[in-house]
$ cat work.cif   # mmCIF, C-alpha atoms
data_data
loop_
_atom_site.label_atom_id
_atom_site.label_comp_id
_atom_site.auth_asym_id
_atom_site.auth_seq_id
_atom_site.Cartn_x
_atom_site.Cartn_y
_atom_site.Cartn_z
CA MET A 158 -3.29 -59.18 -25.06
CA VAL A 159 -0.25 -61.40 -25.25
CA GLY A 160 2.15 -60.80 -28.15
CA LEU A 161 3.25 -63.62 -30.39
CA LYS A 162 6.71 -64.98 -29.76
CA TYR A 163 7.07 -65.84 -33.46
CA LEU A 164 5.85 -64.26 -36.66
CA PRO A 165 2.52 -65.50 -38.03
CA GLU A 166 4.39 -67.01 -41.01
CA GLU A 167 6.11 -69.38 -38.58
CA TYR A 168 2.79 -71.18 -38.01
CA ASP A 169 1.11 -73.63 -40.36
CA ALA A 170 -2.55 -73.76 -41.48
CA LYS A 171 -3.51 -75.64 -38.27
CA GLY A 172 -1.95 -72.92 -36.14
CA GLN A 173 0.96 -75.09 -35.04
CA LEU A 174 4.48 -73.74 -34.88
CA ARG A 175 6.35 -75.08 -37.91
CA LEU A 176 9.18 -77.47 -37.25
CA PRO A 177 12.58 -76.06 -38.27
CA PHE A 178 14.15 -77.46 -41.45
CA LEU A 179 17.17 -78.72 -39.52
CA PHE A 180 14.88 -80.88 -37.40
CA TRP A 181 13.89 -82.83 -40.51
CA LEU A 182 17.57 -83.23 -41.41
CA ILE A 183 18.32 -84.51 -37.91
CA LEU A 184 15.55 -87.10 -38.21
CA LEU A 185 17.01 -88.24 -41.52
CA LEU A 186 20.49 -88.33 -39.98
CA GLN A 187 19.24 -90.49 -37.14
CA ALA A 188 17.36 -92.80 -39.51
CA ARG A 189 20.40 -93.09 -41.80
CA THR A 190 20.68 -96.86 -41.43
CA TRP A 191 17.10 -97.23 -42.60
CA LEU A 192 17.80 -94.92 -45.54
CA LEU A 193 20.95 -96.87 -46.34
CA LEU A 194 18.99 -100.11 -46.24
CA VAL A 195 16.47 -98.71 -48.73
CA MET A 196 19.26 -97.46 -51.00
CA ALA A 197 21.07 -100.80 -50.81
CA GLY A 198 17.86 -102.60 -51.70
CA ALA A 199 17.29 -100.29 -54.65
CA SER A 200 20.81 -100.82 -56.04
CA ARG A 201 21.06 -104.58 -55.99
CA GLN A 202 24.55 -104.87 -57.47
CA GLN A 203 26.27 -102.37 -55.17
CA GLY A 204 23.99 -102.88 -52.16
CA ASN A 205 26.36 -105.13 -50.24
CA ASP A 206 29.32 -102.85 -50.96
CA LEU A 207 27.35 -99.84 -49.75
CA LEU A 208 26.35 -101.56 -46.51
CA ALA A 209 29.92 -102.84 -45.98
CA LEU A 210 31.30 -99.30 -46.38
CA PHE A 211 29.20 -97.86 -43.57
CA TYR A 212 28.73 -101.00 -41.49
CA PRO A 213 31.61 -103.46 -41.86
CA ASP A 214 30.29 -105.36 -38.85
CA ARG A 215 26.78 -106.84 -39.04
CA GLN A 216 26.20 -106.20 -35.36
CA SER A 217 26.74 -102.46 -35.87
CA PHE A 218 24.22 -102.54 -38.73
CA TRP A 219 21.54 -104.02 -36.49
CA LEU A 220 22.38 -101.52 -33.76
CA GLY A 221 22.08 -98.71 -36.32
CA LEU A 222 18.64 -99.96 -37.30
CA ALA A 223 17.59 -100.06 -33.64
CA LEU A 224 18.91 -96.55 -32.98
CA GLY A 225 17.04 -95.27 -36.05
CA ILE A 226 13.64 -96.45 -34.81
CA PRO A 227 12.99 -93.33 -32.64
CA ALA A 228 13.69 -91.08 -35.62
CA ALA A 229 11.39 -93.11 -37.87
CA ILE A 230 8.65 -92.91 -35.25
CA GLY A 231 9.40 -89.19 -34.87
CA LEU A 232 8.79 -88.71 -38.59
CA LEU A 233 5.38 -90.31 -38.16
CA LEU A 234 4.58 -88.41 -34.96
CA THR A 235 5.03 -85.00 -36.57
CA GLY A 236 1.62 -85.37 -38.15
CA TYR A 237 0.01 -86.32 -34.83
CA ARG A 238 1.28 -83.51 -32.62
CA GLN A 239 -2.26 -82.37 -31.75
CA ARG A 240 -3.66 -85.86 -31.30
CA TRP A 241 -0.92 -87.14 -28.95
CA PRO A 242 0.51 -84.02 -27.27
CA ARG A 243 2.04 -85.79 -24.26
CA LEU A 244 3.89 -88.29 -26.41
CA TRP A 245 5.02 -85.53 -28.76
CA GLN A 246 6.18 -83.38 -25.84
CA ARG A 247 8.52 -86.14 -24.63
CA TRP A 248 9.77 -87.19 -28.06
CA ARG A 249 12.54 -84.58 -28.20
CA HIS A 250 14.07 -86.27 -25.15
CA VAL A 251 13.71 -89.69 -26.77
CA LEU A 252 15.52 -88.42 -29.87
CA SER A 253 18.25 -86.89 -27.71
CA ALA A 254 18.68 -90.12 -25.75
CA SER A 255 18.95 -92.06 -29.00
CA LEU A 256 21.62 -89.65 -30.24
CA LEU A 257 23.49 -89.91 -26.95
CA ILE A 258 23.49 -93.71 -27.10
CA SER A 259 24.68 -93.52 -30.70
CA LEU A 260 27.48 -91.15 -29.72
CA LEU A 261 28.61 -93.42 -26.89
CA TRP A 262 28.65 -96.42 -29.22
CA GLN A 263 30.51 -94.50 -31.92
CA GLY A 264 32.99 -93.13 -29.41
CA SER A 265 33.78 -96.56 -28.05
CA SER A 266 34.17 -97.89 -31.60
CA LEU A 267 36.53 -95.05 -32.49
CA LEU A 268 38.60 -95.58 -29.34
CA GLN A 269 38.93 -99.26 -30.13
CA GLY A 270 39.90 -98.48 -33.71
CA ALA A 271 37.26 -100.92 -34.92
CA PHE A 272 36.31 -99.10 -38.14
CA PRO A 273 39.37 -97.24 -39.47
CA ASP A 274 38.11 -96.99 -43.08
CA SER A 275 34.49 -96.10 -42.41
CA PRO A 276 33.12 -92.53 -42.30
CA LEU A 277 32.32 -93.00 -38.60
CA LEU A 278 34.27 -89.93 -37.48
CA LEU A 279 32.24 -87.63 -39.73
CA LEU A 280 28.95 -89.21 -38.63
CA THR A 281 30.01 -88.84 -34.99
CA LEU A 282 30.63 -85.14 -35.54
CA PHE A 283 27.22 -84.72 -37.20
CA ASP A 284 25.54 -86.61 -34.35
CA LEU A 285 27.28 -84.42 -31.79
CA LEU A 286 26.13 -81.26 -33.58
CA ALA A 287 22.60 -82.65 -33.89
CA LEU A 288 22.44 -83.43 -30.16
CA PHE A 289 23.69 -79.94 -29.31
CA TRP A 290 21.13 -78.35 -31.63
CA LEU A 291 18.25 -80.48 -30.30
CA GLN A 292 19.03 -79.35 -26.77
CA THR A 293 19.77 -75.67 -27.35
CA GLN A 294 17.54 -74.42 -30.19
CA PRO A 295 14.72 -72.41 -28.56
CA ARG A 296 12.30 -72.55 -31.49
CA LEU A 297 12.56 -76.34 -31.66
CA ARG A 298 12.01 -76.58 -27.91
CA ASP A 299 8.89 -74.43 -28.32
CA CYS A 300 7.61 -76.78 -31.05
CA PHE A 301 7.48 -79.52 -28.43
CA LEU A 302 5.77 -77.44 -25.73
CA PRO A 303 1.97 -77.41 -25.74
CA GLU A 304 1.70 -73.74 -24.77
CA HIS A 305 3.53 -72.75 -27.96
CA GLN A 306 1.67 -75.11 -30.27
CA HIS A 307 -1.12 -72.81 -31.41
CA ILE A 308 -1.79 -69.21 -32.32
CA GLU A 309 -4.32 -67.82 -29.91
#
$ encode --input "work.cif" --output "structure tokens"
Amino acid sequence: MVGLKYLPEEYDAKGQLRLPFLFWLILLLQARTWLLLVMAGASRQQGNDLLALFYPDRQSFWLGLALGIPAAIGLLLTGYRQRWPRLWQRWRHVLSASLLISLLWQGSSLLQGAFPDSPLLLLTLFDLLALFWLQTQPRLRDCFLPEHQHIE
């Protein structure tokens, strides 16, 4: 008999290992441009000011939307882990690649001094921590591996 690596409470009703809470926060962090777009649409008067604060350049806004697509898809894929296991298994790497591209873009923007008044430095720090956590957290890694998906 093989012992469980995690407590039975760590599994949901389907027998899948529960995703850590920080994973959900990372997905929201990566999809922040989409969230900002929704908030700007909801507050019509201050919407343009809100977008200009985080994205003074329109090109960076569109890039932020593009880099948030993997996180938005990741939010949808969490419910289909059993149905599409191969896609789910690779999605952690897709999210990490998206974060890495975002970090490279933010780093180049910071080096050029393009956005001195924006909160880009803080977001860069959060992205760096998120990338580190995605790559090093063992329980999250196990959530993406098929052999750790179910209680047996």
$ resolve_selection --input "work.cif" --expression "the PyMOL selection byres ((chain A and resi 299) around 12)" --output "VMD selection string"
chain A and resid 162 to 163 167 to 168 173 to 177 245 to 246 249 291 to 298 300 to 307
$ atom_distance --input "work.cif" --atom1 "CA of Phe178 (chain A)" --atom2 "CA of Leu208 (chain A)"
27.5 Å
$ residues_around --input "work.cif" --residues "Leu256 (chain A)" --least-positions-apart "5" --cutoff "12 Å" --atoms "all atoms listed in the file" --output "PyMOL selection string"
chain A and resi 183-184+186-188+221+223-228+249-251+261-264+280-292
$ closest_residue --input "work.cif" --among "A:Leu164, A:Thr190, A:Ser253, A:Tyr237" --to "Arg215 (chain A)" --atoms "only C-alpha atoms"
A:Thr190
$ axis_aligned_box --input "work.cif" --around "region 221-239 of chain A" --padding-each-side "4 Å" --output "JSON"
{"center_x": 9.9, "center_y": -91.2, "center_z": -35.2, "size_x": 32.3, "size_y": 25.7, "size_z": 14.8}
$ atom_distance --input "work.cif" --atom1 "CA of Phe180 (chain A)" --atom2 "CA of Ser255 (chain A)"
14.6 Å
$ atom_distance --input "work.cif" --atom1 "CA of Leu232 (chain A)" --atom2 "CA of Asp214 (chain A)"
27.2 Å
